[in-house]
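As stored in work.tsv (TSV, C-alpha atoms):
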```tsv
chain	number	residue	atom	x	y	z
A	1	MET	CA	0.00	0.00	0.00
A	2	VAL	CA	2.79	2.40	0.88
A	3	ARG	CA	6.40	2.75	-0.19
A	4	GLY	CA	9.46	4.18	1.50
A	5	PHE	CA	10.92	4.06	4.96
A	6	VAL	CA	10.69	7.66	6.23
A	7	ILE	CA	7.84	8.19	8.66
A	8	ALA	CA	6.78	11.64	9.85
A	9	LEU	CA	4.05	12.07	12.44
A	10	THR	CA	1.82	15.11	11.99
A	11	LEU	CA	-1.34	15.88	13.95
A	12	GLY	CA	-2.24	12.27	14.61
A	13	CYS	CA	-1.57	11.24	11.02
A	14	MET	CA	1.43	9.96	9.17
A	15	THR	CA	3.16	10.21	5.85
A	16	VAL	CA	5.02	7.14	4.65
A	17	GLY	CA	7.39	8.06	1.87
A	18	SER	CA	5.32	10.58	-0.08
A	19	GLN	CA	2.03	8.72	0.46
A	20	ALA	CA	-0.32	10.29	3.01
A	21	VAL	CA	-2.47	7.88	4.99
A	22	ALA	CA	-4.71	7.95	8.04
A	23	GLN	CA	-3.08	6.59	11.17
A	24	SER	CA	-6.38	5.09	12.32
A	25	LYS	CA	-7.88	2.21	10.36
A	26	PRO	CA	-11.55	2.17	9.33
A	27	LYS	CA	-13.80	-0.28	11.18
A	28	VAL	CA	-16.52	-0.28	8.54
A	29	THR	CA	-15.03	-1.50	5.26
A	30	SER	CA	-18.05	-2.54	3.19
A	31	LEU	CA	-21.74	-1.84	2.70
A	32	GLY	CA	-22.35	-5.34	1.41
A	33	PRO	CA	-23.90	-7.72	0.87
A	34	ASP	CA	-26.93	-5.42	0.62
A	35	TYR	CA	-25.20	-2.64	-1.30
A	36	PRO	CA	-27.19	0.61	-1.55
A	37	LYS	CA	-28.68	1.64	-4.86
A	38	THR	CA	-30.12	5.02	-3.88
A	39	ALA	CA	-28.34	7.77	-1.97
A	40	ILE	CA	-28.73	11.36	-0.90
A	41	PHE	CA	-25.54	13.43	-1.02
A	42	ILE	CA	-25.49	16.20	1.59
A	43	GLY	CA	-22.69	18.72	1.26
A	44	ASN	CA	-21.38	21.74	-0.56
A	45	SER	CA	-19.83	22.93	-3.82
A	46	PHE	CA	-17.32	20.05	-3.84
A	47	PHE	CA	-20.37	17.91	-4.70
A	48	TYR	CA	-22.12	20.22	-7.16
A	49	TYR	CA	-19.13	21.22	-9.32
A	50	ASN	CA	-19.06	19.78	-12.86
A	51	ASN	CA	-22.79	19.16	-13.03
A	52	GLY	CA	-22.83	17.26	-9.76
A	53	LEU	CA	-20.75	14.36	-8.50
A	54	PRO	CA	-23.86	12.26	-7.68
A	55	GLY	CA	-24.91	12.34	-11.34
A	56	HIS	CA	-21.55	10.94	-12.41
A	57	VAL	CA	-21.86	8.22	-9.77
A	58	SER	CA	-25.29	7.27	-11.14
A	59	LEU	CA	-23.91	7.00	-14.67
A	60	LEU	CA	-21.07	4.78	-13.47
A	61	GLU	CA	-23.56	2.57	-11.63
A	62	LYS	CA	-25.91	2.29	-14.60
A	63	ALA	CA	-23.05	1.53	-16.98
A	64	ALA	CA	-21.84	-1.23	-14.68
A	65	ASP	CA	-25.30	-2.78	-14.26
A	66	PRO	CA	-27.36	-1.89	-17.36
A	67	GLU	CA	-29.98	-4.58	-16.73
A	68	HIS	CA	-30.99	-2.87	-13.47
A	69	LYS	CA	-30.11	0.73	-14.28
A	70	ALA	CA	-33.53	2.01	-13.28
A	71	ALA	CA	-32.82	0.94	-9.70
A	72	TYR	CA	-29.97	3.42	-9.25
A	73	ARG	CA	-30.74	6.95	-8.14
A	74	ASN	CA	-28.66	9.64	-6.45
A	75	THR	CA	-29.84	13.05	-5.27
A	76	MET	CA	-27.83	15.94	-3.86
A	77	VAL	CA	-28.70	18.68	-1.39
A	78	THR	CA	-25.89	21.23	-1.34
A	79	ILE	CA	-25.14	24.66	0.10
A	80	GLY	CA	-22.03	26.47	-1.10
A	81	GLY	CA	-19.34	26.57	1.59
A	82	SER	CA	-21.46	24.60	4.03
A	83	GLY	CA	-20.44	22.43	6.92
A	84	PHE	CA	-22.40	19.69	8.63
A	85	ASP	CA	-24.12	22.19	10.91
A	86	TRP	CA	-25.57	24.26	8.04
A	87	HIS	CA	-27.83	21.42	6.93
A	88	ASP	CA	-31.20	20.61	8.47
A	89	VAL	CA	-30.79	16.91	7.76
A	90	GLU	CA	-34.06	15.92	9.42
A	91	SER	CA	-35.96	18.09	6.93
A	92	TYR	CA	-34.47	16.20	3.99
A	93	PHE	CA	-36.41	13.12	5.04
A	94	ARG	CA	-39.82	14.76	5.41
A	95	PRO	CA	-42.61	13.10	3.38
A	96	ASN	CA	-43.31	14.20	-0.19
A	97	ALA	CA	-40.15	16.29	-0.42
A	98	VAL	CA	-36.56	15.42	-1.41
A	99	GLY	CA	-36.53	12.37	-3.67
A	100	LYS	CA	-40.29	12.25	-4.26
A	101	TYR	CA	-39.65	12.23	-8.00
A	102	SER	CA	-36.71	11.98	-10.37
A	103	PHE	CA	-36.05	11.87	-14.13
A	104	ASP	CA	-35.31	8.80	-16.23
A	105	ASP	CA	-32.88	8.57	-19.17
A	106	ASN	CA	-35.51	10.14	-21.44
A	107	ASN	CA	-36.18	13.04	-19.04
A	108	VAL	CA	-39.55	11.60	-18.08
A	109	VAL	CA	-40.64	12.36	-14.51
A	110	VAL	CA	-40.72	9.22	-12.38
A	111	PHE	CA	-42.55	9.23	-9.05
A	112	ASN	CA	-40.61	7.14	-6.58
A	113	LYS	CA	-42.25	4.85	-4.08
A	114	PRO	CA	-42.92	6.57	-0.75
A	115	GLY	CA	-41.30	5.34	2.39
A	116	ARG	CA	-37.55	4.90	2.58
A	117	LEU	CA	-36.41	6.89	-0.44
A	118	PHE	CA	-32.67	6.53	0.20
A	119	ASP	CA	-30.57	3.54	1.15
A	120	ALA	CA	-27.60	5.72	2.13
A	121	ALA	CA	-26.73	9.32	3.00
A	122	VAL	CA	-23.29	10.50	1.88
A	123	MET	CA	-22.31	13.52	3.98
A	124	MET	CA	-19.40	15.94	3.68
A	125	ASP	CA	-18.32	18.75	5.99
A	126	CYS	CA	-16.69	21.96	4.72
A	127	SER	CA	-13.22	21.53	3.27
A	128	GLN	CA	-11.41	22.75	6.41
A	129	CYS	CA	-13.97	22.11	9.15
A	130	PRO	CA	-12.81	18.65	10.32
A	131	ILE	CA	-9.28	19.97	10.98
A	132	HIS	CA	-9.95	23.63	11.86
A	133	PRO	CA	-9.13	24.39	15.53
A	134	THR	CA	-12.45	26.19	16.08
A	135	LEU	CA	-14.71	24.12	13.83
A	136	LYS	CA	-13.43	20.60	14.56
A	137	PRO	CA	-15.65	20.20	17.67
A	138	VAL	CA	-18.66	21.13	15.51
A	139	PHE	CA	-17.63	18.48	12.98
A	140	ILE	CA	-17.47	15.84	15.71
A	141	GLU	CA	-20.82	16.90	17.22
A	142	TYR	CA	-22.74	16.99	13.95
A	143	ALA	CA	-21.17	13.84	12.57
A	144	ARG	CA	-22.84	12.08	15.47
A	145	LYS	CA	-26.13	14.01	15.25
A	146	ASP	CA	-26.51	13.59	11.51
A	147	ALA	CA	-25.57	9.90	11.58
A	148	ASP	CA	-28.25	9.34	14.22
A	149	ILE	CA	-30.83	11.26	12.19
A	150	VAL	CA	-30.37	9.34	8.97
A	151	ARG	CA	-30.43	6.03	10.84
A	152	THR	CA	-33.82	6.86	12.33
A	153	HIS	CA	-35.08	6.97	8.73
A	154	GLY	CA	-33.68	3.55	7.85
A	155	THR	CA	-30.76	5.06	5.92
A	156	ARG	CA	-27.07	4.24	6.32
A	157	PRO	CA	-24.77	7.17	7.16
A	158	ILE	CA	-21.59	7.55	5.10
A	159	PHE	CA	-18.89	10.20	5.44
A	160	PHE	CA	-17.12	11.59	2.37
A	161	MET	CA	-13.44	12.31	3.04
A	162	SER	CA	-12.66	15.39	0.96
A	163	TRP	CA	-9.31	16.29	-0.59
A	164	ALA	CA	-6.47	18.67	0.25
A	165	TYR	CA	-6.09	22.05	-1.39
A	166	ALA	CA	-3.61	22.05	-4.25
A	167	ASP	CA	-1.16	24.19	-2.26
A	168	LYS	CA	-1.73	22.47	1.11
A	169	PRO	CA	-0.97	18.76	0.60
A	170	GLU	CA	-0.56	18.28	4.35
A	171	MET	CA	-4.35	18.47	4.61
A	172	THR	CA	-4.65	15.00	3.10
A	173	ALA	CA	-3.42	13.08	6.14
A	174	GLN	CA	-5.16	15.42	8.56
A	175	LEU	CA	-8.54	15.03	6.83
A	176	ALA	CA	-8.04	11.29	6.45
A	177	GLU	CA	-7.48	10.91	10.18
A	178	ALA	CA	-10.40	13.16	11.16
A	179	TYR	CA	-12.89	11.38	8.90
A	180	THR	CA	-11.64	7.90	9.79
A	181	VAL	CA	-12.04	8.60	13.50
A	182	ALA	CA	-15.51	10.07	12.93
A	183	GLY	CA	-16.50	7.04	10.87
A	184	ASN	CA	-15.31	4.66	13.57
A	185	GLU	CA	-17.08	6.58	16.33
A	186	ASN	CA	-20.36	6.49	14.40
A	187	ASP	CA	-20.12	3.03	12.78
A	188	ALA	CA	-20.18	4.70	9.38
A	189	LEU	CA	-18.37	3.93	6.15
A	190	VAL	CA	-15.86	6.56	5.03
A	191	ILE	CA	-15.24	7.19	1.33
A	192	PRO	CA	-11.51	8.00	0.89
A	193	ALA	CA	-11.71	10.49	-1.98
A	194	GLY	CA	-8.98	12.67	-0.50
A	195	LEU	CA	-6.53	9.78	-0.41
A	196	ALA	CA	-7.28	9.07	-4.06
A	197	PHE	CA	-6.42	12.67	-5.00
A	198	ALA	CA	-3.08	12.35	-3.21
A	199	ARG	CA	-2.32	9.00	-4.84
A	200	ALA	CA	-3.16	10.26	-8.33
A	201	LEU	CA	-0.96	13.33	-7.93
A	202	GLN	CA	1.86	11.25	-6.50
A	203	GLN	CA	1.80	9.01	-9.57
A	204	GLN	CA	1.11	11.77	-12.13
A	205	PRO	CA	2.13	15.18	-10.69
A	206	GLU	CA	1.23	16.87	-13.96
A	207	LEU	CA	-2.41	15.85	-13.60
A	208	VAL	CA	-4.72	18.81	-12.91
A	209	LEU	CA	-7.35	17.88	-10.34
A	210	HIS	CA	-8.05	21.39	-8.98
A	211	VAL	CA	-9.33	24.50	-10.72
A	212	ALA	CA	-7.56	27.86	-10.36
A	213	ASP	CA	-8.84	28.47	-6.81
A	214	LYS	CA	-6.82	25.40	-5.68
A	215	ARG	CA	-9.85	23.96	-3.86
A	216	HIS	CA	-12.61	22.92	-6.24
A	217	PRO	CA	-12.29	19.96	-8.60
A	218	THR	CA	-11.70	19.95	-12.32
A	219	LEU	CA	-13.78	17.47	-14.29
A	220	ALA	CA	-10.96	14.96	-13.82
A	221	GLY	CA	-11.10	15.57	-10.06
A	222	THR	CA	-14.85	15.08	-9.94
A	223	TYR	CA	-14.56	11.93	-12.04
A	224	LEU	CA	-11.86	10.51	-9.77
A	225	ALA	CA	-13.97	11.20	-6.68
A	226	SER	CA	-17.01	9.67	-8.42
A	227	CYS	CA	-15.07	6.50	-9.13
A	228	VAL	CA	-14.07	6.28	-5.46
A	229	VAL	CA	-17.71	6.71	-4.42
A	230	PHE	CA	-18.80	4.10	-6.96
A	231	ALA	CA	-16.29	1.57	-5.63
A	232	ALA	CA	-17.28	2.22	-2.03
A	233	LEU	CA	-21.05	2.11	-2.61
A	234	THR	CA	-21.13	-0.91	-4.92
A	235	GLY	CA	-18.09	-2.95	-3.90
A	236	LYS	CA	-17.21	-3.15	-7.61
A	237	SER	CA	-14.12	-1.97	-9.41
A	238	PRO	CA	-14.59	1.04	-11.70
A	239	VAL	CA	-11.71	-0.15	-13.88
A	240	GLY	CA	-13.00	-0.68	-17.40
A	241	ASN	CA	-16.30	1.10	-16.79
A	242	PRO	CA	-17.43	2.54	-20.14
A	243	TYR	CA	-18.67	5.79	-18.62
A	244	ARG	CA	-15.78	8.27	-18.82
A	245	ALA	CA	-17.51	11.67	-18.43
A	246	GLY	CA	-15.97	12.89	-21.68
A	247	ILE	CA	-12.44	12.30	-20.40
A	248	ASP	CA	-9.98	10.62	-22.75
A	249	GLU	CA	-9.74	6.85	-22.33
A	250	GLN	CA	-6.16	6.76	-21.05
A	251	THR	CA	-6.75	9.35	-18.34
A	252	ALA	CA	-10.09	7.85	-17.35
A	253	ARG	CA	-8.55	4.40	-17.05
A	254	PHE	CA	-5.77	5.82	-14.86
A	255	LEU	CA	-8.30	7.56	-12.58
A	256	GLN	CA	-10.42	4.41	-12.38
A	257	GLN	CA	-7.38	2.38	-11.31
A	258	VAL	CA	-6.30	4.95	-8.73
A	259	ALA	CA	-9.81	4.97	-7.27
A	260	TRP	CA	-9.93	1.20	-6.99
A	261	ASP	CA	-6.41	0.90	-5.54
A	262	THR	CA	-7.19	3.58	-2.97
A	263	VAL	CA	-10.42	1.93	-1.86
A	264	GLN	CA	-8.78	-1.49	-1.61
A	265	ASP	CA	-5.87	-0.15	0.42
A	266	TYR	CA	-7.95	2.01	2.74
A	267	TYR	CA	-10.40	-0.77	3.51
A	268	GLY	CA	-7.58	-3.31	3.84
A	269	LYS	CA	-8.86	-5.61	1.11
```
Show this structure as structure tokens.
Amino acid sequence: MVRGFVIALTLGCMTVGSQAVAQSKPKVTSLGPDYPKTAIFIGNSFFYYNNGLPGHVSLLEKAADPEHKAAYRNTMVTIGGSGFDWHDVESYFRPNAVGKYSFDDNNVVVFNKPGRLFDAAVMMDCSQCPIHPTLKPVFIEYARKDADIVRTHGTRPIFFMSWAYADKPEMTAQLAEAYTVAGNENDALVIPAGLAFARALQQQPELVLHVADKRHPTLAGTYLASCVVFAALTGKSPVGNPYRAGIDEQTARFLQQVAWDTVQDYYGK
């Protein structure tokens, strides 16, 4: 999983060689055998950039399982710059509201069956909140509150580990540790998107995963994160998936492989 022999401890995390990893190991490493097919993504602009990460995840899922593509559905509720505490998560599960209807491949409105509309809730805090000295306690508090809320609605809580800023690579290990600990404390799966960003840039430093603001994702960054989510939600490898989001085949294949390798390493498979 990691290469090199130099170990540097930083804020409860470690860097082995040039590969950043979480010091803690995730307790929840799979959503199987009953893998979720519908999810609500609760977060911020990291989700809604590039026409929405959840939409790319849906297209990966449908391409991987075309016979049952109608069963896959992802919805996002986002607020720019938001942290966990900005979202009224309970309200997202009120009857006849979020997820009541969706659109099929032909843009026909489909009314979804009432009841449990989402199998999973993928939640992300603001990009600095989990490691910010003032906001970290809020992250810990609302990770617990929001996980409890979604469970009361028969939905599985999942935390999305975001990525480091382009000019602050040290954030990778810090975020990885914070999210892994939160996942373990709340019996929730953690999706290691941030670790995938670091791995991809380690292997191909010339790859551009951030836009000019050094925070938000390029299309390649969104696609990489989507492949990580796909692997975590379905337990399947994205390698060879025909959906490439308009990215050239060689780059898409590289991002698919990085996503799968990251998920396998993080979950200890």
Take CA of Phe103 (chain A) and CA of Thr152 (chain A) and report the distance between them in Å, one decimal.
->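 Separation of CA of Phe103 (chain A) and CA of Thr152 (chain A): 27.0 Å.
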Which residues are near Ala212 (chain A)? Cut-off 12 Å, all atoms listed in the file, ignore same chain within fewer than 6 positions. Put them as a PDB file with C-alpha atoms, in the coordinates of the input.
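Output contents, as saved in out.pdb:
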```pdb
ATOM      1  CA  TYR A 165      -6.090  22.050  -1.390  1.00  0.00           C
ATOM      2  CA  ALA A 166      -3.610  22.050  -4.250  1.00  0.00           C
ATOM      3  CA  ASP A 167      -1.160  24.190  -2.260  1.00  0.00           C
ATOM      4  CA  THR A 218     -11.700  19.950 -12.320  1.00  0.00           C
TER       5      THR A 218
END
```
Please measure the separation of CA of Glu90 (chain A) and CA of Asp148 (chain A), giving the value in Å to one decimal.
->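 Between these atoms lies a distance of 10.0 Å.
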Taking (-11.3, 22.8, -4.1) in the file's coordinates as the center, which residues reach within 8 Å of it, counting all atoms listed in the file, put as a list of chain:residue names?
->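 The residues that fall inside the cut-off are A:Phe46, A:Ser127, A:Trp163, A:Ala164, A:Tyr165, A:Ala166, A:His210, A:Val211, A:Asp213, A:Lys214, A:Arg215, A:His216, A:Pro217.
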Suppose we keep C-alpha atoms; can you now write the selection as an mmCIF file, in the coordinates of the input?
```cif
data_model
loop_
_atom_site.group_PDB
_atom_site.id
_atom_site.type_symbol
_atom_site.label_atom_id
_atom_site.label_comp_id
_atom_site.auth_asym_id
_atom_site.auth_seq_id
_atom_site.Cartn_x
_atom_site.Cartn_y
_atom_site.Cartn_z
ATOM 1 C CA PHE A 46 -17.320 20.050 -3.840
ATOM 2 C CA SER A 127 -13.220 21.530 3.270
ATOM 3 C CA TRP A 163 -9.310 16.290 -0.590
ATOM 4 C CA ALA A 164 -6.470 18.670 0.250
ATOM 5 C CA TYR A 165 -6.090 22.050 -1.390
ATOM 6 C CA ALA A 166 -3.610 22.050 -4.250
ATOM 7 C CA HIS A 210 -8.050 21.390 -8.980
ATOM 8 C CA VAL A 211 -9.330 24.500 -10.720
ATOM 9 C CA ASP A 213 -8.840 28.470 -6.810
ATOM 10 C CA LYS A 214 -6.820 25.400 -5.680
ATOM 11 C CA ARG A 215 -9.850 23.960 -3.860
ATOM 12 C CA HIS A 216 -12.610 22.920 -6.240
ATOM 13 C CA PRO A 217 -12.290 19.960 -8.600
#
```
Spatial neighbours of region 225-229 of chain A, 8 Å, only C-alpha atoms, chain gap at least 3 places, as a PyMOL selection string | chain A and resi 53-54+56-57+60+191-193+196-197+221-222+232-233+238+255-256+259-260+262-263
With distances taken over only C-alpha atoms, which of A:Gln204, A:Thr251, A:Gln264, A:Asn184 is nearest to Ser24 (chain A)?
-> A:Asn184
To one decimal in Å, tell me the separation between CA of Asn50 (chain A) and CA of Val109 (chain A).
->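 These atoms are spaced 22.9 Å apart.
Every residue within 9 Å of the file position (-22.2, 16.8, 4.7), judged by only C-alpha atoms, is given as Phe41, Ile42, Gly43, Asn44, Thr78, Ser82, Gly83, Phe84, Asp85, Trp86, His87, Ala121, Val122, Met123, Met124, Asp125, Cys126, Ala143, Asp146, Phe159 and Phe160 of chain A.
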Name the residues in contact with region 186-189 of chain A at a cut-off of 7 Å, using all atoms listed in the file, excluding same-chain residues fewer than 6 positions from it; report them as a PyMOL selection string.
-> chain A and resi 28-29+144+147+157-159
